[in-house]
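Listing of data-v1.txt, compact mmCIF, C-alpha atoms
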```txt
# COMPACT_ATOMS: atom_id res chain seq x y z
CA MET A 1 92.14 0.72 77.07
CA PRO A 2 89.66 1.66 79.81
CA THR A 3 87.28 -1.13 80.69
CA ARG A 4 85.94 -0.01 84.06
CA ALA A 5 83.24 2.41 85.12
CA ALA A 6 83.50 5.19 87.70
CA PRO A 7 86.94 6.24 88.88
CA ARG A 8 87.50 5.76 92.60
CA ALA A 9 90.31 6.87 94.89
CA PRO A 10 92.92 4.29 95.84
CA THR A 11 92.80 3.41 99.50
CA LEU A 12 95.60 2.08 101.63
CA PHE A 13 94.89 -0.25 104.56
CA LEU A 14 97.28 -1.37 107.25
CA ARG A 15 97.36 -4.63 109.09
CA LEU A 16 99.63 -5.01 112.08
CA GLU A 17 100.51 -8.50 113.25
CA PHE A 18 102.10 -8.70 116.64
CA GLY A 19 102.73 -12.45 116.61
CA GLY A 20 100.41 -15.38 117.17
CA GLU A 21 96.79 -14.37 116.70
CA ASP A 22 97.38 -10.80 117.80
CA ARG A 23 96.57 -8.54 114.89
CA ILE A 24 94.90 -5.23 114.24
CA GLY A 25 93.48 -4.24 110.88
CA PRO A 26 90.83 -2.06 109.25
CA GLY A 27 87.93 -4.32 110.30
CA LYS A 28 88.60 -4.19 114.03
CA ILE A 29 89.32 -0.46 113.94
CA ALA A 30 86.12 0.29 112.00
CA LEU A 31 84.19 -1.81 114.51
CA LEU A 32 85.63 0.22 117.41
CA GLU A 33 84.63 3.41 115.59
CA ALA A 34 81.12 2.04 115.14
CA VAL A 35 80.88 1.11 118.84
CA ALA A 36 82.08 4.62 119.72
CA SER A 37 79.32 6.22 117.67
CA GLU A 38 76.54 3.68 118.36
CA ARG A 39 77.43 3.05 122.04
CA SER A 40 76.12 -0.47 121.60
CA ILE A 41 77.79 -3.61 120.28
CA SER A 42 74.62 -4.86 118.61
CA ALA A 43 73.97 -1.50 116.92
CA ALA A 44 77.62 -1.34 115.82
CA ALA A 45 77.37 -4.88 114.43
CA ARG A 46 74.24 -3.91 112.46
CA ALA A 47 75.94 -0.77 111.13
CA MET A 48 78.89 -2.91 110.00
CA GLY A 49 76.67 -5.61 108.48
CA MET A 50 78.10 -8.30 110.74
CA SER A 51 76.53 -10.62 113.27
CA TYR A 52 76.44 -9.65 116.93
CA ARG A 53 78.43 -12.78 117.67
CA ARG A 54 81.21 -11.81 115.27
CA ALA A 55 81.35 -8.26 116.62
CA TRP A 56 81.47 -9.56 120.18
CA LEU A 57 84.26 -12.03 119.32
CA LEU A 58 86.36 -9.33 117.64
CA ILE A 59 85.96 -7.04 120.65
CA ASP A 60 86.71 -9.86 123.07
CA THR A 61 89.87 -10.64 121.07
CA MET A 62 91.01 -7.02 121.38
CA ASN A 63 90.11 -6.89 125.06
CA ARG A 64 92.38 -9.89 125.64
CA MET A 65 95.14 -8.72 123.31
CA PHE A 66 96.05 -5.57 125.20
CA ARG A 67 96.76 -4.89 128.86
CA GLU A 68 93.67 -2.70 128.98
CA PRO A 69 90.25 -3.41 127.45
CA VAL A 70 89.19 -1.45 124.36
CA VAL A 71 85.45 -1.66 125.05
CA SER A 72 83.57 -1.83 128.32
CA ALA A 73 80.08 -3.30 128.08
CA ARG A 74 77.27 -2.41 130.44
CA PRO A 75 74.67 -5.17 130.27
CA GLY A 76 71.07 -4.12 130.38
CA ARG A 77 71.51 -0.44 129.56
CA ALA A 78 69.94 -0.61 126.09
CA ALA A 79 66.83 -2.26 124.75
CA ASP A 80 68.39 -4.45 122.07
CA GLY A 81 71.59 -5.60 123.75
CA PRO A 82 74.18 -4.35 126.20
CA SER A 83 75.21 -0.75 125.74
CA ALA A 84 78.94 -0.40 125.36
CA GLN A 85 81.59 2.25 125.53
CA VAL A 86 84.99 2.51 123.89
CA THR A 87 87.56 2.98 126.65
CA THR A 88 90.21 5.70 126.73
CA PHE A 89 92.73 3.09 125.62
CA GLY A 90 90.38 1.97 122.83
CA GLU A 91 90.17 5.56 121.59
CA ARG A 92 93.96 5.80 121.67
CA LEU A 93 94.24 2.57 119.68
CA VAL A 94 91.93 3.98 116.98
CA ARG A 95 93.86 7.28 116.90
CA LEU A 96 97.24 5.52 116.63
CA TYR A 97 96.00 3.23 113.87
CA ARG A 98 94.44 6.03 111.82
CA GLU A 99 97.55 8.17 112.24
CA ALA A 100 99.70 5.22 111.12
CA GLU A 101 97.45 4.87 108.09
CA ARG A 102 97.86 8.55 107.23
CA ARG A 103 101.64 8.39 107.59
CA ALA A 104 101.83 5.22 105.52
CA GLY A 105 99.61 6.84 102.88
CA ARG A 106 101.92 9.84 102.65
CA SER A 107 105.11 7.82 102.54
CA CYS A 108 103.72 5.43 99.93
CA ALA A 109 102.00 8.02 97.74
CA PRO A 110 104.57 7.99 94.89
CA LEU A 111 104.50 4.18 94.74
CA VAL A 112 100.70 4.06 94.81
CA ASP A 113 100.66 6.62 91.98
CA GLU A 114 102.95 4.42 89.94
CA LEU A 115 100.66 1.42 90.42
CA VAL A 116 97.57 3.46 89.59
CA THR A 117 99.06 4.39 86.21
CA ALA A 118 99.52 0.66 85.53
CA LEU A 119 95.85 -0.19 86.16
CA ARG A 120 93.95 -1.32 83.13
CA SER A 121 91.30 1.33 83.69
CA GLY A 122 94.03 3.97 83.44
CA TYR A 123 92.24 5.65 86.28
CA ARG A 124 93.43 8.80 88.09
CA PRO A 125 91.58 10.09 91.15
CA PRO A 126 90.06 13.52 90.47
CA GLU A 127 91.54 15.69 93.25
CA SER A 128 94.82 14.23 94.43
CA LYS A 129 96.79 11.49 92.80
CA SER A 130 97.05 9.33 95.90
CA ARG A 131 94.22 9.97 98.26
CA THR A 132 94.10 7.60 101.18
CA ARG A 133 91.66 7.35 104.02
CA MET B 1 101.63 -9.48 133.14
CA PRO B 2 103.09 -11.65 130.39
CA THR B 3 100.77 -14.43 129.32
CA ARG B 4 102.16 -15.36 125.92
CA ALA B 5 105.03 -17.54 124.80
CA ALA B 6 107.82 -16.65 122.37
CA PRO B 7 108.26 -12.99 121.47
CA ARG B 8 107.84 -12.27 117.77
CA ALA B 9 108.51 -9.15 115.74
CA PRO B 10 105.51 -7.04 114.81
CA THR B 11 104.86 -7.09 111.09
CA LEU B 12 103.10 -4.48 109.04
CA PHE B 13 101.10 -5.44 105.97
CA LEU B 14 99.67 -3.15 103.32
CA ARG B 15 96.53 -3.57 101.30
CA LEU B 16 95.89 -1.25 98.41
CA GLU B 17 92.36 -0.97 97.09
CA PHE B 18 92.03 0.75 93.75
CA GLY B 19 88.24 0.67 93.58
CA GLY B 20 85.81 -2.13 92.78
CA GLU B 21 87.46 -5.51 93.12
CA ASP B 22 90.93 -4.21 92.25
CA ARG B 23 93.14 -4.75 95.24
CA ILE B 24 96.67 -5.81 96.02
CA GLY B 25 97.74 -7.21 99.36
CA PRO B 26 100.29 -9.50 100.98
CA GLY B 27 98.67 -12.71 99.68
CA LYS B 28 98.85 -11.81 95.99
CA ILE B 29 102.37 -10.42 96.34
CA ALA B 30 103.63 -13.52 98.18
CA LEU B 31 102.05 -15.67 95.45
CA LEU B 32 103.92 -13.71 92.75
CA GLU B 33 107.14 -14.20 94.70
CA ALA B 34 106.43 -17.94 94.92
CA VAL B 35 105.74 -18.13 91.16
CA ALA B 36 109.00 -16.24 90.54
CA SER B 37 110.99 -18.76 92.55
CA GLU B 38 109.05 -21.91 91.59
CA ARG B 39 108.47 -20.97 87.93
CA SER B 40 105.22 -22.92 88.08
CA ILE B 41 101.77 -21.94 89.29
CA SER B 42 101.06 -25.38 90.74
CA ALA B 43 104.39 -25.51 92.60
CA ALA B 44 103.81 -21.96 93.87
CA ALA B 45 100.32 -22.92 95.05
CA ARG B 46 101.75 -25.92 96.92
CA ALA B 47 104.44 -23.75 98.50
CA MET B 48 101.73 -21.32 99.63
CA GLY B 49 99.43 -24.09 100.88
CA MET B 50 96.62 -23.05 98.54
CA SER B 51 94.77 -24.88 95.80
CA TYR B 52 95.93 -24.59 92.21
CA ARG B 53 92.52 -23.18 91.36
CA ARG B 54 92.82 -20.41 93.95
CA ALA B 55 96.36 -19.51 92.83
CA TRP B 56 95.23 -19.45 89.20
CA LEU B 57 92.24 -17.22 90.04
CA LEU B 58 94.41 -14.74 91.99
CA ILE B 59 96.89 -14.54 89.12
CA ASP B 60 94.10 -14.19 86.56
CA THR B 61 92.64 -11.34 88.65
CA MET B 62 95.99 -9.54 88.61
CA ASN B 63 96.48 -10.19 84.90
CA ARG B 64 93.15 -8.49 84.25
CA MET B 65 93.66 -5.70 86.78
CA PHE B 66 96.67 -4.12 85.12
CA ARG B 67 97.40 -3.09 81.54
CA GLU B 68 100.12 -5.71 81.41
CA PRO B 69 99.99 -9.28 82.73
CA VAL B 70 101.95 -10.13 85.90
CA VAL B 71 102.49 -13.80 85.01
CA SER B 72 102.84 -15.49 81.67
CA ALA B 73 102.04 -19.19 81.64
CA ARG B 74 103.57 -21.64 79.19
CA PRO B 75 101.35 -24.71 79.05
CA GLY B 76 103.08 -28.03 78.82
CA ARG B 77 106.55 -26.95 79.88
CA ALA B 78 106.49 -28.70 83.26
CA ALA B 79 105.42 -32.16 84.35
CA ASP B 80 102.85 -31.20 86.98
CA GLY B 81 101.18 -28.19 85.39
CA PRO B 82 102.04 -25.29 83.13
CA SER B 83 105.33 -23.63 83.89
CA ALA B 84 104.95 -19.94 84.47
CA GLN B 85 107.06 -16.83 84.58
CA VAL B 86 106.60 -13.55 86.40
CA THR B 87 106.71 -10.78 83.78
CA THR B 88 108.89 -7.67 84.00
CA PHE B 89 105.80 -5.75 85.07
CA GLY B 90 104.99 -8.42 87.68
CA GLU B 91 108.50 -8.03 89.11
CA ARG B 92 108.02 -4.26 89.21
CA LEU B 93 104.70 -4.70 91.04
CA VAL B 94 106.39 -6.86 93.70
CA ARG B 95 109.27 -4.36 94.06
CA LEU B 96 106.89 -1.40 94.38
CA TYR B 97 104.74 -3.18 96.95
CA ARG B 98 107.68 -4.33 99.08
CA GLU B 99 109.22 -0.85 98.92
CA ALA B 100 105.87 0.67 99.97
CA GLU B 101 105.79 -1.79 102.87
CA ARG B 102 109.30 -0.76 103.96
CA ARG B 103 108.45 2.94 103.76
CA ALA B 104 105.20 2.43 105.66
CA GLY B 105 107.08 0.39 108.26
CA ARG B 106 109.60 3.19 108.78
CA SER B 107 107.01 5.95 108.93
CA CYS B 108 104.79 4.00 111.34
CA ALA B 109 107.56 2.66 113.58
CA PRO B 110 106.91 5.01 116.54
CA LEU B 111 103.17 4.23 116.47
CA VAL B 112 103.77 0.48 116.20
CA ASP B 113 106.15 0.74 119.15
CA GLU B 114 103.47 2.46 121.19
CA LEU B 115 100.98 -0.30 120.42
CA VAL B 116 103.52 -3.01 121.21
CA THR B 117 104.01 -1.58 124.69
CA ALA B 118 100.23 -1.85 125.20
CA LEU B 119 100.11 -5.56 124.33
CA ARG B 120 99.24 -7.85 127.19
CA SER B 121 102.37 -9.92 126.62
CA GLY B 122 104.43 -6.79 127.15
CA TYR B 123 106.54 -8.04 124.32
CA ARG B 124 109.49 -6.15 122.77
CA PRO B 125 111.24 -7.52 119.69
CA PRO B 126 114.86 -8.43 120.48
CA GLU B 127 116.84 -6.44 117.88
CA SER B 128 114.86 -3.45 116.75
CA LYS B 129 111.68 -2.12 118.29
CA SER B 130 109.67 -2.07 115.08
CA ARG B 131 110.97 -4.60 112.63
CA THR B 132 108.76 -5.00 109.60
CA ARG B 133 109.11 -7.28 106.64
```

Structure encoded using structure tokens:
Amino acid sequence: MPTRAAPRAPTLFLRLEFGGEDRIGPGKIALLEAVASERSISAAARAMGMSYRRAWLLIDTMNRMFREPVVSARPGRAADGPSAQVTTFGERLVRLYREAERRAGRSCAPLVDELVTALRSGYRPPESKSRTR
Amino acid sequence: MPTRAAPRAPTLFLRLEFGGEDRIGPGKIALLEAVASERSISAAARAMGMSYRRAWLLIDTMNRMFREPVVSARPGRAADGPSAQVTTFGERLVRLYREAERRAGRSCAPLVDELVTALRSGYRPPESKSRTR
């Protein structure tokens, strides 16, 4: 019996763990996307609803994780914090991750469908049966 | 230049969000697997290094999320807490999730490889280039 309100599309997220503390997931990727559009770590942090410190730590982690940095900061370029730019490698990281998400979504669609039919709400997304983002 | 110690295989994790608070990820699935092998929520919680309360809450969330429960508890059957059993549906949920993980791992392997080559450690897993669990 349905007990929940509005139907929403199921979403599939990926987390890649490379060993130790090296991991990439939806939070870090969304932060990079926010930095790319805001061109500022503090503005990206605000847009994501996280503290500047947390955003900076996540970016610093990524900058140390890979051979090349994902974000280059330019102190003093913006009023409310250093302006920042996603590097070419950072853009590639985002592209690879989002493409991996799409491929995983396609390859898992039948299984996700099967789980959706088992949900108590009995929910089916309106357009496709296994939309992923 | 390599700066990290022992090479480890990259691992891909899936999280499925069905809308609202309904989500399934590696933590809940590993807990179900622990309950299946321990046949006790408290023993499974210990094996997972989490509190009994947290394990119980995660299981209760899953039992409410789907039309059928994933774990049935039998109070008083064990010395140190209720003994518990993963239901047929719970076993199916674990199978579906692990199969989705394998499919996602296969479909994302080339992308994961590309990211692994970009890691600062320059690490390559010994046997296969994109082992996932």

Using all atoms listed in the file, find which residues of chain B lie within 6 Å of chain A and jot them down as an mmCIF file with C-alpha atoms, in the coordinates of the input.
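Final file, iface-v5.cif:
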```cif
data_model
loop_
_atom_site.group_PDB
_atom_site.id
_atom_site.type_symbol
_atom_site.label_atom_id
_atom_site.label_comp_id
_atom_site.auth_asym_id
_atom_site.auth_seq_id
_atom_site.Cartn_x
_atom_site.Cartn_y
_atom_site.Cartn_z
ATOM 1 C CA ARG B 8 107.840 -12.270 117.770
ATOM 2 C CA PRO B 10 105.510 -7.040 114.810
ATOM 3 C CA THR B 11 104.860 -7.090 111.090
ATOM 4 C CA LEU B 12 103.100 -4.480 109.040
ATOM 5 C CA PHE B 13 101.100 -5.440 105.970
ATOM 6 C CA LEU B 14 99.670 -3.150 103.320
ATOM 7 C CA ARG B 15 96.530 -3.570 101.300
ATOM 8 C CA LEU B 16 95.890 -1.250 98.410
ATOM 9 C CA GLU B 17 92.360 -0.970 97.090
ATOM 10 C CA PHE B 18 92.030 0.750 93.750
ATOM 11 C CA GLY B 19 88.240 0.670 93.580
ATOM 12 C CA MET B 65 93.660 -5.700 86.780
ATOM 13 C CA PHE B 66 96.670 -4.120 85.120
ATOM 14 C CA ARG B 67 97.400 -3.090 81.540
ATOM 15 C CA ALA B 100 105.870 0.670 99.970
ATOM 16 C CA ALA B 104 105.200 2.430 105.660
ATOM 17 C CA CYS B 108 104.790 4.000 111.340
ATOM 18 C CA ALA B 118 100.230 -1.850 125.200
ATOM 19 C CA LEU B 119 100.110 -5.560 124.330
ATOM 20 C CA ARG B 120 99.240 -7.850 127.190
#
```

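With only C-alpha atoms as the basis for measurement, A:Leu32 is the residue among A:Glu38, A:Val86, A:Leu32, A:Arg46 that approaches Leu58 in chain A most closely.
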
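Interatomic distance, CA of Glu33 in chain A to CA of Ile29 in chain B: 29.6 Å.
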
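From CA of Asp113 in chain A back to CA of Glu91 in chain B, the distance works out to 16.9 Å.
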
- Two-atom distance - CA of Thr87 in chain A, CA of Gly49 in chain A (Å):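 For CA of Thr87 in chain A relative to CA of Gly49 in chain A, the distance reads 22.9 Å.
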